[in-house]
$ cat entry_15.txt   # compact mmCIF, C-alpha atoms and all ligand atoms
# COMPACT_ATOMS: atom_id res chain seq x y z
CA MET I 22 -27.63 -0.83 -6.69
CA SER I 23 -30.18 0.80 -4.39
CA ILE I 24 -31.76 -0.17 -1.05
CA LEU I 25 -34.80 1.36 0.63
CA ILE I 26 -35.34 0.56 4.32
CA LYS I 27 -38.93 1.34 5.32
CA ASN I 28 -40.91 1.57 8.56
CA ILE I 29 -37.84 2.03 10.77
CA LYS I 30 -39.01 2.34 14.37
CA GLN I 31 -36.01 4.50 15.33
CA LEU I 32 -33.37 5.81 12.93
CA VAL I 33 -30.58 6.48 15.41
CA GLN I 34 -27.67 8.96 15.25
CA VAL I 35 -29.15 10.89 12.35
CA TYR I 36 -27.57 14.23 11.47
CA ASP I 37 -28.38 16.71 8.69
CA HIS I 38 -24.90 18.24 8.94
CA ASN I 39 -21.64 16.33 8.76
CA VAL I 40 -20.89 15.80 12.43
CA MET I 41 -17.26 14.84 13.14
CA ILE I 42 -17.08 14.54 16.95
CA VAL I 43 -19.42 14.87 19.95
CA LYS I 44 -18.07 16.28 23.24
CA GLY I 45 -19.08 16.72 26.90
CA GLU I 46 -22.71 17.70 27.49
CA ALA I 47 -23.56 17.13 23.81
CA MET I 48 -22.78 13.42 24.27
CA LYS I 49 -26.04 13.13 26.22
CA THR I 50 -27.95 13.73 22.98
CA LEU I 51 -28.55 11.01 20.42
CA PRO I 52 -30.65 12.33 17.54
CA VAL I 53 -33.44 9.92 16.54
CA LEU I 54 -36.04 9.96 13.79
CA LYS I 55 -39.11 7.82 14.50
CA ASN I 56 -41.11 5.89 11.88
CA ALA I 57 -38.49 6.65 9.23
CA TYR I 58 -37.11 5.47 5.90
CA LEU I 59 -33.52 5.37 4.65
CA TYR I 60 -32.48 5.27 1.00
CA ILE I 61 -29.05 4.04 -0.14
CA GLU I 62 -27.41 4.05 -3.57
CA HIS I 63 -24.27 1.98 -4.12
CA ASP I 64 -22.20 2.52 -0.95
CA THR I 65 -23.70 5.87 0.09
CA ILE I 66 -26.55 7.17 2.25
CA ILE I 67 -28.59 9.33 -0.11
CA GLU I 68 -31.76 10.28 1.75
CA TYR I 69 -33.80 9.65 4.88
CA GLY I 70 -36.91 11.09 6.45
CA GLU I 71 -40.23 10.30 8.04
CA MET I 72 -42.30 7.55 6.39
CA GLU I 73 -44.91 10.04 5.18
CA TYR I 74 -42.28 11.43 2.76
CA CYS I 75 -41.23 8.02 1.43
CA GLU I 76 -43.96 7.75 -1.19
CA GLY I 77 -42.66 7.43 -4.75
CA ILE I 78 -39.14 6.34 -3.76
CA GLU I 79 -38.25 3.11 -5.56
CA ALA I 80 -35.29 0.80 -5.06
CA GLU I 81 -33.95 -2.55 -6.25
CA THR I 82 -34.10 -3.93 -2.70
CA ILE I 83 -36.78 -3.02 -0.18
CA VAL I 84 -36.28 -3.90 3.49
CA ASP I 85 -39.25 -3.73 5.84
CA ALA I 86 -37.82 -2.77 9.25
CA THR I 87 -41.14 -2.68 11.12
CA GLY I 88 -40.39 -2.75 14.87
CA LYS I 89 -36.65 -2.51 14.28
CA LEU I 90 -34.01 0.17 14.77
CA VAL I 91 -31.33 1.29 12.31
CA LEU I 92 -28.08 2.81 13.48
CA PRO I 93 -24.57 3.37 12.12
CA SER I 94 -22.31 0.32 12.40
CA TRP I 95 -19.99 0.29 15.39
CA CYS I 96 -16.61 1.93 14.84
CA ASP I 97 -13.98 -0.01 16.82
CA SER I 98 -10.99 2.31 17.03
CA HIS I 99 -8.58 0.06 18.95
CA THR I 100 -7.95 -3.58 18.04
CA HIS I 101 -5.08 -6.05 17.83
CA ILE I 102 -7.15 -8.44 15.73
CA VAL I 103 -4.14 -9.76 13.78
CA TYR I 104 -2.57 -12.30 16.13
CA ALA I 105 -1.72 -15.99 16.13
CA GLY I 106 -3.26 -18.64 18.37
CA ASN I 107 -4.37 -17.60 21.83
CA ARG I 108 -3.20 -17.34 25.46
CA THR I 109 -5.70 -19.54 27.28
CA SER I 110 -2.99 -21.00 29.54
CA GLU I 111 -2.24 -17.49 30.87
CA PHE I 112 -5.97 -16.99 31.37
CA VAL I 113 -5.97 -20.01 33.68
CA ASP I 114 -2.78 -18.78 35.40
CA ARG I 115 -4.53 -15.51 36.17
CA ILE I 116 -7.58 -17.30 37.54
CA ASN I 117 -5.16 -19.14 39.81
CA GLY I 118 -3.73 -15.89 41.15
CA LEU I 119 -1.00 -14.56 38.87
CA SER I 120 -1.30 -10.97 37.66
CA TYR I 121 -0.83 -9.68 34.08
CA GLU I 122 2.46 -8.22 35.33
CA ASP I 123 3.60 -11.52 36.94
CA ILE I 124 2.97 -13.32 33.64
CA ALA I 125 4.90 -10.69 31.64
CA ASN I 126 7.79 -10.78 34.16
CA ARG I 127 8.29 -14.50 33.65
CA GLY I 128 8.54 -14.03 29.87
CA GLY I 129 4.89 -14.63 28.94
CA GLY I 130 2.30 -12.12 27.78
CA ILE I 131 3.07 -10.16 24.62
CA LEU I 132 6.35 -12.10 24.15
CA ASN I 133 4.33 -15.31 24.03
CA SER I 134 2.08 -13.96 21.26
CA ALA I 135 5.14 -12.66 19.38
CA LYS I 136 6.78 -16.09 19.39
CA LEU I 137 3.61 -17.69 18.04
CA LEU I 138 3.21 -15.00 15.38
CA GLN I 139 6.82 -15.27 14.22
CA GLU I 140 6.26 -19.01 13.67
CA THR I 141 3.00 -18.47 11.74
CA SER I 142 2.92 -18.05 7.96
CA GLU I 143 1.50 -14.87 6.44
CA GLU I 144 -1.32 -16.89 4.85
CA ASP I 145 -2.28 -18.59 8.11
CA LEU I 146 -2.15 -15.27 9.97
CA TYR I 147 -4.40 -13.69 7.35
CA ASN I 148 -6.93 -16.54 7.63
CA GLN I 149 -7.05 -16.45 11.43
CA SER I 150 -7.45 -12.67 11.41
CA ILE I 151 -10.08 -12.31 8.68
CA ASN I 152 -12.19 -15.00 10.38
CA ARG I 153 -12.16 -12.99 13.61
CA LEU I 154 -13.01 -9.83 11.70
CA GLU I 155 -15.93 -11.39 9.85
CA GLU I 156 -17.41 -12.77 13.08
CA LEU I 157 -17.45 -9.15 14.30
CA ILE I 158 -19.00 -7.74 11.14
CA ARG I 159 -21.90 -10.10 11.90
CA MET I 160 -22.11 -8.46 15.35
CA GLY I 161 -22.43 -4.99 13.88
CA THR I 162 -18.93 -3.55 13.56
CA GLY I 163 -18.27 -1.86 10.22
CA ALA I 164 -14.94 -0.09 10.82
CA PHE I 165 -11.87 -1.38 12.62
CA GLU I 166 -8.50 0.03 13.57
CA ILE I 167 -5.96 -2.82 13.43
CA LYS I 168 -2.52 -2.62 15.07
CA THR I 169 0.71 -4.47 14.48
CA GLY I 170 2.77 -5.07 17.63
CA TYR I 171 3.03 -8.84 17.98
CA GLY I 172 5.97 -9.06 15.58
CA LEU I 173 8.79 -7.70 17.75
CA THR I 174 11.22 -8.15 14.85
CA VAL I 175 11.35 -5.98 11.74
CA GLU I 176 10.45 -8.98 9.59
CA ALA I 177 7.48 -10.09 11.67
CA GLU I 178 6.14 -6.54 12.04
CA LEU I 179 6.24 -6.15 8.26
CA LYS I 180 4.45 -9.50 7.94
CA MET I 181 1.69 -8.12 10.18
CA LEU I 182 1.49 -4.94 8.11
CA LYS I 183 1.13 -6.98 4.91
CA VAL I 184 -1.69 -9.01 6.48
CA ILE I 185 -3.45 -5.80 7.56
CA LYS I 186 -2.97 -4.36 4.07
CA ARG I 187 -4.56 -7.46 2.52
CA ILE I 188 -7.51 -7.29 4.93
CA LYS I 189 -7.92 -3.60 4.07
CA GLN I 190 -7.96 -4.40 0.35
CA GLU I 191 -10.25 -7.40 0.57
CA SER I 192 -12.75 -6.66 3.34
CA LEU I 193 -15.95 -4.66 2.94
CA ALA I 194 -15.24 -3.21 6.38
CA LYS I 195 -13.30 0.05 6.68
CA ILE I 196 -9.81 -0.69 8.04
CA THR I 197 -7.41 1.80 9.64
CA PRO I 198 -3.94 0.27 10.12
CA THR I 199 -1.63 1.39 12.95
CA LEU I 200 2.07 0.57 13.34
CA LEU I 201 2.41 -0.46 16.99
CA ALA I 202 6.16 -0.20 16.67
CA ALA I 203 6.97 -0.52 20.36
CA HIS I 204 4.74 -3.02 22.17
CA ALA I 205 7.24 -4.89 24.38
CA ILE I 206 10.97 -5.38 24.73
CA PRO I 207 12.02 -8.70 23.14
CA ALA I 208 13.96 -11.10 25.42
CA ASP I 209 17.17 -10.64 23.35
CA TYR I 210 17.08 -6.90 24.05
CA LYS I 211 16.20 -7.12 27.75
CA THR I 212 19.48 -5.49 28.85
CA LYS I 213 19.85 -3.27 25.76
CA LYS I 214 16.54 -1.55 25.27
CA GLU I 215 18.29 1.38 23.53
CA ASP I 216 19.37 -0.96 20.72
CA TYR I 217 15.79 -2.11 20.24
CA ILE I 218 14.58 1.48 20.08
CA LYS I 219 17.26 2.16 17.46
CA LEU I 220 16.02 -0.82 15.48
CA ILE I 221 12.52 0.65 15.62
CA THR I 222 13.50 4.20 14.67
CA GLU I 223 16.16 3.40 12.09
CA LYS I 224 14.85 0.21 10.47
CA LEU I 225 11.24 -0.62 11.28
CA ILE I 226 9.66 2.82 10.89
CA PRO I 227 11.40 3.66 7.57
CA LYS I 228 10.58 0.20 6.14
CA ALA I 229 6.98 0.39 7.33
CA ALA I 230 6.65 3.88 5.84
CA LYS I 231 7.86 2.50 2.51
CA LEU I 232 5.04 -0.06 2.52
CA ASN I 233 2.67 2.92 2.88
CA VAL I 234 0.05 0.98 4.84
CA SER I 235 -0.14 2.82 8.14
CA HIS I 236 -0.33 6.54 8.84
CA TYR I 237 -0.52 6.03 12.60
CA ILE I 238 2.17 5.17 15.17
CA ASP I 239 1.58 3.49 18.52
CA VAL I 240 3.77 2.85 21.59
CA PHE I 241 2.93 1.02 24.82
CA CYS I 242 3.99 3.78 27.22
CA GLU I 243 4.09 1.93 30.53
CA GLU I 244 6.41 0.85 33.35
CA GLY I 245 8.38 -2.21 32.24
CA TYR I 246 7.70 -1.41 28.58
CA PHE I 247 8.53 2.02 27.08
CA ASP I 248 9.02 5.07 29.29
CA LEU I 249 8.22 8.66 28.40
CA GLU I 250 11.63 9.32 26.87
CA ASP I 251 11.49 6.15 24.73
CA THR I 252 7.98 7.05 23.62
CA GLU I 253 9.05 10.56 22.62
CA THR I 254 12.03 9.21 20.65
CA ILE I 255 9.71 6.90 18.70
CA LEU I 256 7.01 9.53 18.10
CA LYS I 257 9.69 11.93 16.81
CA ALA I 258 11.09 9.31 14.42
CA ALA I 259 7.59 8.51 13.14
CA ALA I 260 6.72 12.19 12.70
CA LYS I 261 9.39 12.37 9.98
CA TYR I 262 7.18 9.99 8.00
CA LYS I 263 4.00 11.91 8.91
CA MET I 264 2.72 9.13 11.17
CA GLN I 265 0.32 10.52 13.77
CA PRO I 266 0.32 9.03 17.29
CA LYS I 267 -2.45 6.80 18.65
CA ILE I 268 -0.84 5.59 21.83
CA HIS I 269 -1.33 3.15 24.73
CA VAL I 270 -1.07 5.23 27.91
CA ASN I 271 -2.06 5.07 31.60
CA GLN I 272 -3.09 1.39 31.58
CA PHE I 273 -1.41 0.62 34.92
CA ASN I 274 0.61 3.75 35.73
CA ILE I 275 0.60 7.45 34.91
CA LEU I 276 3.92 8.29 33.24
CA GLY I 277 2.86 11.50 31.48
CA GLY I 278 1.90 9.78 28.23
CA VAL I 279 -1.31 11.78 27.87
CA GLY I 280 0.56 15.12 27.90
CA LEU I 281 3.16 13.71 25.53
CA GLY I 282 0.48 12.45 23.16
CA VAL I 283 -1.14 15.88 23.15
CA LYS I 284 2.26 17.53 22.52
CA TYR I 285 2.65 15.37 19.40
CA ASN I 286 -0.94 15.97 18.28
CA ALA I 287 -2.09 12.40 18.94
CA LEU I 288 -5.32 11.41 17.26
CA SER I 289 -6.13 9.36 20.35
CA VAL I 290 -4.77 8.33 23.73
CA ASP I 291 -6.07 4.91 24.70
CA HIS I 292 -6.66 2.94 27.95
CA LEU I 293 -6.63 5.68 30.65
CA GLU I 294 -7.61 3.28 33.42
CA GLU I 295 -5.49 5.64 35.53
CA LEU I 296 -6.01 9.37 35.02
CA ASN I 297 -5.15 12.57 36.89
CA ASN I 298 -6.10 16.24 36.65
CA ASP I 299 -3.01 17.11 34.58
CA ASP I 300 -4.18 14.59 31.99
CA ILE I 301 -7.65 16.14 31.90
CA GLU I 302 -6.18 19.63 31.57
CA ALA I 303 -3.87 18.51 28.74
CA LEU I 304 -6.78 16.91 26.88
CA LYS I 305 -8.87 20.08 27.23
CA LYS I 306 -6.30 21.96 25.16
CA SER I 307 -6.18 19.35 22.41
CA GLU I 308 -7.91 17.69 19.47
CA THR I 309 -6.98 14.28 20.92
CA MET I 310 -9.69 11.68 21.57
CA PRO I 311 -9.51 9.81 24.90
CA VAL I 312 -10.43 6.16 24.31
CA ALA I 313 -11.72 3.79 27.01
CA LEU I 314 -11.34 0.01 26.68
CA PRO I 315 -13.78 -1.52 29.17
CA GLY I 316 -13.25 -5.08 27.87
CA CYS I 317 -9.65 -4.92 29.09
CA SER I 318 -10.68 -3.69 32.55
CA TYR I 319 -13.27 -6.47 32.72
CA PHE I 320 -10.89 -9.22 31.64
CA LEU I 321 -7.91 -8.12 33.76
CA SER I 322 -9.98 -6.88 36.73
CA ILE I 323 -8.25 -3.51 36.66
CA PRO I 324 -9.97 -0.12 37.18
CA TYR I 325 -12.38 1.19 34.56
CA THR I 326 -11.52 4.44 32.78
CA PRO I 327 -13.18 7.34 34.65
CA ALA I 328 -15.44 8.25 31.76
CA ARG I 329 -17.70 10.48 33.90
CA GLN I 330 -14.75 12.65 34.88
CA ILE I 331 -13.75 12.91 31.20
CA ILE I 332 -17.22 13.77 29.87
CA ASP I 333 -18.08 16.06 32.78
CA ALA I 334 -14.91 18.04 31.98
CA GLY I 335 -16.46 18.81 28.59
CA LEU I 336 -14.29 16.31 26.73
CA PRO I 337 -15.27 13.70 24.15
CA ILE I 338 -14.69 9.99 24.71
CA ALA I 339 -14.66 6.94 22.42
CA ILE I 340 -15.04 3.31 23.47
CA ALA I 341 -13.36 0.37 21.74
CA THR I 342 -12.77 -3.34 22.28
CA ASP I 343 -8.93 -3.57 22.44
CA TYR I 344 -9.54 -7.05 20.95
CA ASN I 345 -6.30 -8.98 21.64
CA PRO I 346 -5.23 -12.38 22.97
CA GLY I 347 -3.83 -11.16 26.31
CA SER I 348 -6.00 -8.51 27.90
CA ALA I 349 -9.28 -8.48 25.95
CA PRO I 350 -10.03 -11.58 23.87
CA SER I 351 -13.38 -10.31 22.59
CA GLY I 352 -14.22 -7.87 19.81
CA ASN I 353 -17.93 -7.66 20.57
CA MET I 354 -18.85 -3.95 20.49
CA ASN I 355 -22.38 -4.68 21.75
CA PHE I 356 -20.81 -5.84 25.00
CA ILE I 357 -18.53 -2.78 25.09
CA VAL I 358 -21.54 -0.46 24.76
CA SER I 359 -23.18 -2.29 27.69
CA ALA I 360 -20.02 -2.21 29.78
CA ALA I 361 -19.68 1.53 29.13
CA CYS I 362 -23.14 2.04 30.64
CA ILE I 363 -22.88 -0.46 33.47
CA LYS I 364 -19.26 0.08 34.54
CA LEU I 365 -18.26 3.51 33.20
CA LYS I 366 -21.63 5.01 34.16
CA MET I 367 -22.20 6.41 30.70
CA THR I 368 -25.79 6.87 29.56
CA PRO I 369 -26.96 4.84 26.54
CA GLU I 370 -26.78 8.06 24.48
CA GLU I 371 -23.18 8.70 25.57
CA ALA I 372 -22.16 5.08 24.99
CA ILE I 373 -23.66 4.98 21.48
CA ASN I 374 -22.01 8.30 20.59
CA ALA I 375 -18.71 6.90 21.92
CA ALA I 376 -19.06 3.70 19.84
CA THR I 377 -20.05 5.39 16.59
CA ILE I 378 -19.10 8.97 15.73
CA ASN I 379 -16.34 9.32 18.34
CA GLY I 380 -14.93 5.90 17.44
CA ALA I 381 -14.82 7.06 13.83
CA TYR I 382 -13.03 10.27 14.90
CA ALA I 383 -10.42 8.15 16.75
CA MET I 384 -9.64 6.50 13.39
CA GLY I 385 -9.63 9.75 11.40
CA ILE I 386 -12.69 8.66 9.38
CA SER I 387 -15.59 10.58 10.95
CA SER I 388 -16.20 12.65 7.82
CA MET I 389 -17.46 9.44 6.15
CA TYR I 390 -18.50 7.08 8.99
CA GLY I 391 -20.17 7.09 12.40
CA SER I 392 -23.51 8.80 11.74
CA ILE I 393 -26.56 8.56 9.49
CA THR I 394 -25.80 11.56 7.29
CA ARG I 395 -26.41 12.15 3.59
CA GLY I 396 -23.19 11.41 1.68
CA LYS I 397 -21.67 9.19 4.38
CA LYS I 398 -20.92 5.51 3.76
CA ALA I 399 -23.80 3.10 4.18
CA ASN I 400 -22.42 1.01 7.07
CA LEU I 401 -25.46 0.18 9.15
CA ILE I 402 -26.95 -2.10 11.77
CA ILE I 403 -30.57 -3.22 11.44
CA THR I 404 -31.56 -4.55 14.87
CA LYS I 405 -33.92 -7.28 15.92
CA PRO I 406 -37.30 -5.88 17.03
CA LEU I 407 -36.62 -3.47 19.94
CA ASN I 408 -38.63 -0.71 21.58
CA ASP I 409 -35.78 1.71 22.11
CA TYR I 410 -32.01 2.03 21.55
CA SER I 411 -31.44 1.86 25.33
CA GLU I 412 -32.36 -1.84 25.14
CA ILE I 413 -29.04 -2.43 23.30
CA PRO I 414 -26.81 -1.82 26.36
CA TYR I 415 -29.50 -2.93 28.83
CA ALA I 416 -29.64 -6.52 27.57
CA PHE I 417 -25.92 -7.10 28.07
CA ALA I 418 -24.35 -10.04 26.25
CA HIS I 419 -27.38 -10.29 23.94
CA ASN I 420 -26.85 -9.80 20.23
CA PRO I 421 -29.21 -7.03 19.05
CA VAL I 422 -28.14 -7.30 15.39
CA ASP I 423 -30.53 -8.78 12.81
CA GLN I 424 -28.95 -7.65 9.52
CA VAL I 425 -26.03 -5.46 8.52
CA ILE I 426 -25.39 -3.23 5.55
CA ILE I 427 -21.68 -2.92 4.93
CA ASN I 428 -20.26 -0.65 2.26
CA GLY I 429 -23.79 -0.46 0.83
CA GLN I 430 -24.31 -4.25 0.70
CA LEU I 431 -27.15 -5.91 2.61
CA LYS I 432 -25.89 -9.04 4.37
CA ASP I 433 -27.70 -12.03 5.80
CA ILE I 434 -25.63 -12.53 8.94
CA LYS I 435 -27.46 -15.75 9.86
CA ASN I 436 -26.18 -17.45 6.72
CA PRO I 437 -22.82 -19.08 7.54
CA GLU I 438 -21.92 -18.92 3.83
CA GLU I 439 -22.37 -15.12 3.68
CA ASN I 440 -19.23 -13.31 2.64
CA PHE I 441 -17.98 -9.89 3.58
CA ARG I 442 -15.23 -9.42 1.00
CA ILE I 443 -15.06 -7.10 -1.97
N1 LIG X 501 -1.33 -3.03 26.73
C1 LIG X 501 -0.81 -3.28 25.69
N2 LIG X 501 -1.32 -4.01 24.69
C2 LIG X 501 -2.54 -4.74 24.73
C3 LIG X 501 -2.38 -6.06 25.42
C4 LIG X 501 -1.43 -6.90 24.72
C5 LIG X 501 -1.35 -8.31 25.21
O1 LIG X 501 -1.42 -8.60 26.41
O2 LIG X 501 -1.19 -9.15 24.34
C6 LIG X 501 -3.63 -3.92 25.38
O3 LIG X 501 -3.91 -2.86 24.82
O4 LIG X 501 -4.19 -4.28 26.41
ZN ZN X 502 -4.34 -2.25 22.93

$ encode --input "entry_15.txt" --output "C-alpha cells" --more "lines below"
Ligand SMILES: N=CN[C@@H](CCC(=O)O)C(=O)O
Ligand SMILES: [Zn+2]
Amino acid sequence: MSILIKNIKQLVQVYDHNVMIVKGEAMKTLPVLKNAYLYIEHDTIIEYGEMEYCEGIEAETIVDATGKLVLPSWCDSHTHIVYAGNRTSEFVDRINGLSYEDIANRGGGILNSAKLLQETSEEDLYNQSINRLEELIRMGTGAFEIKTGYGLTVEAELKMLKVIKRIKQESLAKITPTLLAAHAIPADYKTKKEDYIKLITEKLIPKAAKLNVSHYIDVFCEEGYFDLEDTETILKAAAKYKMQPKIHVNQFNILGGVGLGVKYNALSVDHLEELNNDDIEALKKSETMPVALPGCSYFLSIPYTPARQIIDAGLPIAIATDYNPGSAPSGNMNFIVSAACIKLKMTPEEAINAATINGAYAMGISSMYGSITRGKKANLIITKPLNDYSEIPYAFAHNPVDQVIINGQLKDIKNPEENFRI
C-alpha cells in the first residue's frame, strides 16, 4: 500500500535526522517545508520534498492537499481514557462552590469513579473507552498514553490493564499503558494507608508485571493522597520489575515529587501547576520530561503550569490532555495546543513541538513518532485549508483536522462508519 500526498502548503515538523526531543530555545523552531509532497509505503514515511522533485513518484492513493497543511498526529502522553460513566454531578457541585478537594473529602472524586468502574464489566469498559479514543483519533491524535488508576482493588486494576491491552492490540493508534498503582486511598483503607501500600507493592505490582502490559508506574504524589515516602516505596517496588516512573506531582502542593521522580529516572513528571526553583534545578540535571496539562487547570480553575519558566530555563516541555472524568473531561489536543498558547504563553511553534515530538518522548516512542522523518510511522494530520500552522491554536475550539493517516491508513473522519481498528 502506498500514498502520495501532493501540493502540501506546509509540511510541518519535518526533520532529516531522527529528532527525539526539543528543548529550551530550540522549541521556538518548527521546521516547515512549503509546497511539498510526502510519500508513504505501508505504515512508514518513506520520502518527502519540494513539489518540483515529486515528478515520477507513483502511488496507489494520491491525495491532493492544495491549500492544506500536513503535520505529525498529536501525541497525548497523559490520559485516563479508560473509565466508567462520568462525574457530571460533581461538575455541578463545583459550579455551586465546592472545590475538587471538598468533593474528595466527602468521599467523591476518584473514589466515585472507582466504584462505577468496579461495577462495570470488562466488555462495557472496553466499549466506552474505545469510543472515546476513536472520537479523538478523528480530532488528530495518533498516540495515547493510557493509565489505570480507577480500579483501587487488585482485581479492578487488572481489569483496567486488560482493557488497555485489548485497545493496544486492536487500535491503529499507538498506545502506551501506565500502571497508576496509587491514585487514591480507598475508603476501607482510610485509617490504614500502609496496608494499602503493601497491597500495591506486594500484590498489584507483581501481578501487573506478570500481565506484561505496562512498563511505566504512576503515583498521585499529593497531600491527602500519597506522600513522598509512600511514592518512593512504590517507585522502589516497581523498579524491581523495571517499571519506569511517570508520576503525578505538584498539582496542588509541592511535596518534592519532582526531585524524587528525577532520582528514580522518571520518563516524565506531570501536572506541575505548582513549581519552585528546586524543581527546575532538579529537572536541569535529568532526562525527565516536564508535562503540562492545561485542560485540568482550565476545568478546575487552578493555576496553569509555568511553561515559560520551564522553557526559559533551557528545559523541554510536553503538553497533554489528562483526559479523565474528574479534572479534565476532554481529550481534544487541538484545544490543548490553543490553551498552551493562550494560557501558558507558549508560541505556536513551542506548543506544536510540545504536542508532537515532546509528547512522543514522554511516552518513550519519539524514535518512531512525533515528527515527519524518513522511517518514522505514518501518523499524520491533513488539515482543512489554512494559511499557516499558527491558525491551529489561534482558532481555539475549532477543529482544524480534515483527514488523518493512522498507521499508514488514510481515514475519512467525516464518515461515521469509518473504523480505526487493525
Ligand atoms: N490528579 C490525579 N488524577 C487525575 C484526576 C483524577 C480524577 O479526578 O478522577 C488528574 O490527573 O487530574
Ligand atoms: Zn492525570

$ closest_residue --input "entry_15.txt" --among "I:Val40, I:Gly277, I:Glu308, I:Met22" --to "Ile393 in chain I" --atoms "all atoms listed in the file"
I:Val40

$ residues_around --input "entry_15.txt" --residues "Thr377 in chain I" --least-positions-apart "4" --cutoff "6 Å" --atoms "only C-alpha atoms" --output "PDB file with C-alpha atoms, keeping the file's coordinate frame"
ATOM      1  CA  TRP I  95     -19.990   0.290  15.390  1.00  0.00           C
ATOM      2  CA  CYS I  96     -16.610   1.930  14.840  1.00  0.00           C
ATOM      3  CA  GLY I 391     -20.170   7.090  12.400  1.00  0.00           C
TER       4      GLY I 391
END

$ residues_around --input "entry_15.txt" --residues "Gly385 in chain I" --least-positions-apart "5" --cutoff "9 Å" --atoms "all atoms listed in the file" --output "PyMOL selection string"
chain I and resi 197+288+380

$ closest_residue --input "entry_15.txt" --among "I:Thr368, I:Lys136, I:Gly130, I:Ala105" --to "Asn152 in chain I" --atoms "all atoms listed in the file"
I:Ala105

$ closest_atom_pairs --input "entry_15.txt" --of "chain I" --to "ligand LIG 501 (chain X)" --cutoff "9 Å" --atoms "all atoms listed in the file" --output "CSV"
residue,atom,partner,partner_atom,distance
I:His99,CA,X:LIG501,O3,8.0
I:Thr100,CA,X:LIG501,O3,7.9
I:His101,CA,X:LIG501,C2,7.5
I:Tyr104,CA,X:LIG501,O2,8.9
I:Arg108,CA,X:LIG501,O2,8.5
I:Tyr121,CA,X:LIG501,O1,7.8
I:Ala125,CA,X:LIG501,O1,8.5
I:Gly130,CA,X:LIG501,O1,5.3
I:Ile131,CA,X:LIG501,O2,4.4
I:Leu132,CA,X:LIG501,O2,8.1
I:Asn133,CA,X:LIG501,O2,8.3
I:Ser134,CA,X:LIG501,O2,6.6
I:Ala135,CA,X:LIG501,O2,8.8
I:Gly170,CA,X:LIG501,N2,8.2
I:Tyr171,CA,X:LIG501,O2,7.6
I:His204,CA,X:LIG501,C1,6.6
I:Ala205,CA,X:LIG501,C1,8.3
I:Val240,CA,X:LIG501,C1,8.7
I:Phe241,CA,X:LIG501,C1,5.8
I:Cys242,CA,X:LIG501,N1,8.7
I:Glu243,CA,X:LIG501,N1,8.3
I:His269,CA,X:LIG501,N1,6.5
I:Val270,CA,X:LIG501,N1,8.3
I:Gln272,CA,X:LIG501,N1,6.8
I:Phe273,CA,X:LIG501,N1,9.0
I:Asp291,CA,X:LIG501,O3,8.1
I:His292,CA,X:LIG501,O3,7.1
I:Leu314,CA,X:LIG501,O3,8.2
I:Cys317,CA,X:LIG501,O4,6.1
I:Ser318,CA,X:LIG501,O4,9.0
I:Asp343,CA,X:LIG501,O3,5.6
I:Tyr344,CA,X:LIG501,O3,8.0
I:Asn345,CA,X:LIG501,O2,5.8
I:Pro346,CA,X:LIG501,O2,5.4
I:Gly347,CA,X:LIG501,O1,3.5
I:Ser348,CA,X:LIG501,O1,4.8
I:Ala349,CA,X:LIG501,O4,6.6

$ write_last_selection --input "entry_15.txt" --atoms "C-alpha atoms" --output "PDB file, keeping the file's coordinate frame"
ATOM      1  CA  HIS I  99      -8.580   0.060  18.950  1.00  0.00           C
ATOM      2  CA  THR I 100      -7.950  -3.580  18.040  1.00  0.00           C
ATOM      3  CA  HIS I 101      -5.080  -6.050  17.830  1.00  0.00           C
ATOM      4  CA  TYR I 104      -2.570 -12.300  16.130  1.00  0.00           C
ATOM      5  CA  ARG I 108      -3.200 -17.340  25.460  1.00  0.00           C
ATOM      6  CA  TYR I 121      -0.830  -9.680  34.080  1.00  0.00           C
ATOM      7  CA  ALA I 125       4.900 -10.690  31.640  1.00  0.00           C
ATOM      8  CA  GLY I 130       2.300 -12.120  27.780  1.00  0.00           C
ATOM      9  CA  ILE I 131       3.070 -10.160  24.620  1.00  0.00           C
ATOM     10  CA  LEU I 132       6.350 -12.100  24.150  1.00  0.00           C
ATOM     11  CA  ASN I 133       4.330 -15.310  24.030  1.00  0.00           C
ATOM     12  CA  SER I 134       2.080 -13.960  21.260  1.00  0.00           C
ATOM     13  CA  ALA I 135       5.140 -12.660  19.380  1.00  0.00           C
ATOM     14  CA  GLY I 170       2.770  -5.070  17.630  1.00  0.00           C
ATOM     15  CA  TYR I 171       3.030  -8.840  17.980  1.00  0.00           C
ATOM     16  CA  HIS I 204       4.740  -3.020  22.170  1.00  0.00           C
ATOM     17  CA  ALA I 205       7.240  -4.890  24.380  1.00  0.00           C
ATOM     18  CA  VAL I 240       3.770   2.850  21.590  1.00  0.00           C
ATOM     19  CA  PHE I 241       2.930   1.020  24.820  1.00  0.00           C
ATOM     20  CA  CYS I 242       3.990   3.780  27.220  1.00  0.00           C
ATOM     21  CA  GLU I 243       4.090   1.930  30.530  1.00  0.00           C
ATOM     22  CA  HIS I 269      -1.330   3.150  24.730  1.00  0.00           C
ATOM     23  CA  VAL I 270      -1.070   5.230  27.910  1.00  0.00           C
ATOM     24  CA  GLN I 272      -3.090   1.390  31.580  1.00  0.00           C
ATOM     25  CA  PHE I 273      -1.410   0.620  34.920  1.00  0.00           C
ATOM     26  CA  ASP I 291      -6.070   4.910  24.700  1.00  0.00           C
ATOM     27  CA  HIS I 292      -6.660   2.940  27.950  1.00  0.00           C
ATOM     28  CA  LEU I 314     -11.340   0.010  26.680  1.00  0.00           C
ATOM     29  CA  CYS I 317      -9.650  -4.920  29.090  1.00  0.00           C
ATOM     30  CA  SER I 318     -10.680  -3.690  32.550  1.00  0.00           C
ATOM     31  CA  ASP I 343      -8.930  -3.570  22.440  1.00  0.00           C
ATOM     32  CA  TYR I 344      -9.540  -7.050  20.950  1.00  0.00           C
ATOM     33  CA  ASN I 345      -6.300  -8.980  21.640  1.00  0.00           C
ATOM     34  CA  PRO I 346      -5.230 -12.380  22.970  1.00  0.00           C
ATOM     35  CA  GLY I 347      -3.830 -11.160  26.310  1.00  0.00           C
ATOM     36  CA  SER I 348      -6.000  -8.510  27.900  1.00  0.00           C
ATOM     37  CA  ALA I 349      -9.280  -8.480  25.950  1.00  0.00           C
TER      38      ALA I 349
END

$ atom_distance --input "entry_15.txt" --atom1 "CA of Pro327 in chain I" --atom2 "CA of Lys366 in chain I"
8.8 Å

$ residues_near_point --input "entry_15.txt" --point "(-8.2, -19.2, 30.7)" --cutoff "12 Å" --atoms "all atoms listed in the file" --output "list in words"
Asn107, Arg108, Thr109, Ser110, Glu111, Phe112, Val113, Asp114, Arg115, Ile116, Asn117, Gly118, Leu119, Phe320, Leu321, Pro346, Gly347, Ser348, Ala349 and Pro350 of chain I
